[in-house]
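Below: the structure, in structure tokens.
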Amino acid sequence: MIKEAKKLNPSDQLQEKLALPKGTLDMVLDTDTYNEIDDQFALVYSAISEKVNLRAVYAAPFHNARSSGPKDGMLKSYDEICRVLSLLKVPYDGLVLRGSTEFMTAEKQPVDSDAAQHLVQLAQKTPQGELLYVVAIGAITNVASALTIDPKI
């Protein structure tokens, strides 16, 4: 006898999506790793955790006393991500992508970058019913741009 899948009301569907995940999580990390030490810890955890299948790491822009502008901050973060992963002996070629070189300034005008395009492609390839976790711990430009490029993701 084939058991019919039960249909959940919207509230139950939301509860199901918010439940603690089981097994390994497919995740991307969007980070301005050169900016602050906490991002390096998040990167290390994501790279070595048995609970995380790290699909990509995106360098996020930042601008403060440690950078001359968003592009410089993103490039410094990109280099720092690669440095940290190399110390962990985690291959980073194809895993780490450069992000936005400027901040998003208008709601419907994405800042194109390798990171934003990759996130769109990765989300589109994620099978229906499966989840891709996006952990954004830097400026949200890469993620916001991806959502603007393809709002369906």
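Residue numbers start at 1 in each chain; chains themselves are named A, B, ... in the order of the structure tokens; ligands are numbered from 1 in the order shown.
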
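Excluding stretch 45-60 of chain A itself and same-chain residues fewer than 5 positions from it, the residues having an atom within 7 Å of it are A:Gly23, A:Thr24, A:Leu25, A:Asp26, A:Met27, A:Val28, A:Leu29, A:Asp30, A:Thr31, A:Asp32, A:Met74, A:Ser77, A:Tyr78, A:Leu95, A:Val96, A:Leu97, A:Arg98, A:Gly99, A:Ser100, A:Ala115, A:Gly138, A:Ala139, A:Asn142, counting only C-alpha atoms.
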
Which of chain A fall in alpha helix (DSSP H), as an NGL selection string
:A and (10-18 or 37-48 or 70-87 or 114-125 or 141-149)

So what do you get for atom CA of A:Ile81 versus atom CA of A:Thr33, distance-wise?
6.4 Å

Close residues, stretch 106-108 of chain A itself excluded, 12 Å, only C-alpha atoms, min 4 positions apart in chain, as an MDAnalysis selection string:
chainID A and resid 102 141 144:151

Using only C-alpha atoms, the shortest atom-to-atom distance to A:Ile37 among A:Asn9, A:Val120, A:Pro127, A:Glu80 belongs to A:Glu80

Of the residues A:Asp39, A:Asp72, A:Ile153, A:Ser11, which is the one nearest to A:Val135, using only C-alpha atoms?
A:Asp39

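Proximity ranking of A:Ser86, A:Ala42, A:Val143, A:Ile137 relative to A:Asp114 places A:Val143 first, based on only C-alpha atoms.
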
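With atom CA of A:Lys22 on one side and atom CA of A:Tyr92 on the other, the separation reads 26.3 Å.
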
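Proximity to A:Leu43 was assessed for A:Asp112, A:Pro61, A:Gly73, A:Val90 counting only C-alpha atoms; the smallest distance is recorded for A:Val90.
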
Select from stretch 71-136 of chain A every residue with an atom at most 12 Å from any atom of stretch 17-20 of chain A, then for each give the shortest pair of atoms and their distance in Å to one decimal, using only C-alpha atoms, rows by chain and rising number, as a Markdown table.
```
| residue | atom | partner | partner_atom | distance |
| --- | --- | --- | --- | --- |
| A:Gly129 | CA | A:Lys17 | CA | 10.0 |
| A:Glu130 | CA | A:Lys17 | CA | 10.3 |
| A:Leu131 | CA | A:Lys17 | CA | 9.0 |
| A:Leu132 | CA | A:Lys17 | CA | 11.8 |
| A:Tyr133 | CA | A:Lys17 | CA | 11.6 |
```

File dump, residues just selected, all heavy atoms, as a compact mmCIF listing (two decimals), in the first residue's frame:
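Saved result, again01.txt, follows:
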```
# COMPACT_ATOMS: atom_id res chain seq x y z
N GLY A 129 12.75 21.01 -2.67
CA GLY A 129 12.59 20.36 -1.38
C GLY A 129 13.87 20.30 -0.56
O GLY A 129 13.83 20.01 0.62
N GLU A 130 15.02 20.52 -1.20
CA GLU A 130 16.28 20.56 -0.46
C GLU A 130 16.63 22.00 -0.14
O GLU A 130 16.17 22.93 -0.81
CB GLU A 130 17.40 19.89 -1.26
CG GLU A 130 17.20 18.39 -1.40
CD GLU A 130 18.37 17.72 -2.09
OE1 GLU A 130 19.49 18.27 -2.09
OE2 GLU A 130 18.14 16.63 -2.64
N LEU A 131 17.44 22.20 0.89
CA LEU A 131 17.77 23.55 1.33
C LEU A 131 19.24 23.86 1.09
O LEU A 131 20.10 22.99 1.26
CB LEU A 131 17.46 23.73 2.81
CG LEU A 131 16.00 23.58 3.22
CD1 LEU A 131 15.87 23.66 4.74
CD2 LEU A 131 15.15 24.65 2.55
N LEU A 132 19.50 25.08 0.70
CA LEU A 132 20.85 25.62 0.62
C LEU A 132 20.90 26.75 1.64
O LEU A 132 20.18 27.74 1.51
CB LEU A 132 21.15 26.17 -0.78
CG LEU A 132 22.48 26.90 -0.94
CD1 LEU A 132 23.65 25.93 -0.73
CD2 LEU A 132 22.56 27.56 -2.31
N TYR A 133 21.70 26.58 2.67
CA TYR A 133 21.82 27.60 3.71
C TYR A 133 22.81 28.65 3.26
O TYR A 133 23.91 28.33 2.80
CB TYR A 133 22.27 26.97 5.03
CG TYR A 133 21.20 26.12 5.67
CD1 TYR A 133 20.99 24.81 5.27
CD2 TYR A 133 20.39 26.65 6.66
CE1 TYR A 133 20.00 24.04 5.84
CE2 TYR A 133 19.39 25.89 7.23
CZ TYR A 133 19.20 24.58 6.82
OH TYR A 133 18.22 23.83 7.39
```

Step one, run DSSP on the backbone; step two, keep only residues of stretch 59-136 of chain A assigned to strand (DSSP E or B); then write them as a list in words.
Ala59, Val96, Leu97, Ala106, Gln109, Tyr133, Val134, Val135 and Ala136 of chain A

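In this structure, atom CA of A:Pro91 sits 13.0 Å away from atom CA of A:Val44.
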
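Counting only C-alpha atoms, the residue from A:Leu85, A:Glu36, A:Lys71, A:Pro21 that sits nearest to A:Ser113 is A:Lys71.
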
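Nearest to A:His63 of all the residues A:Thr101, A:Gln40, A:Gln128, A:Gln15 is A:Thr101, based on only C-alpha atoms.
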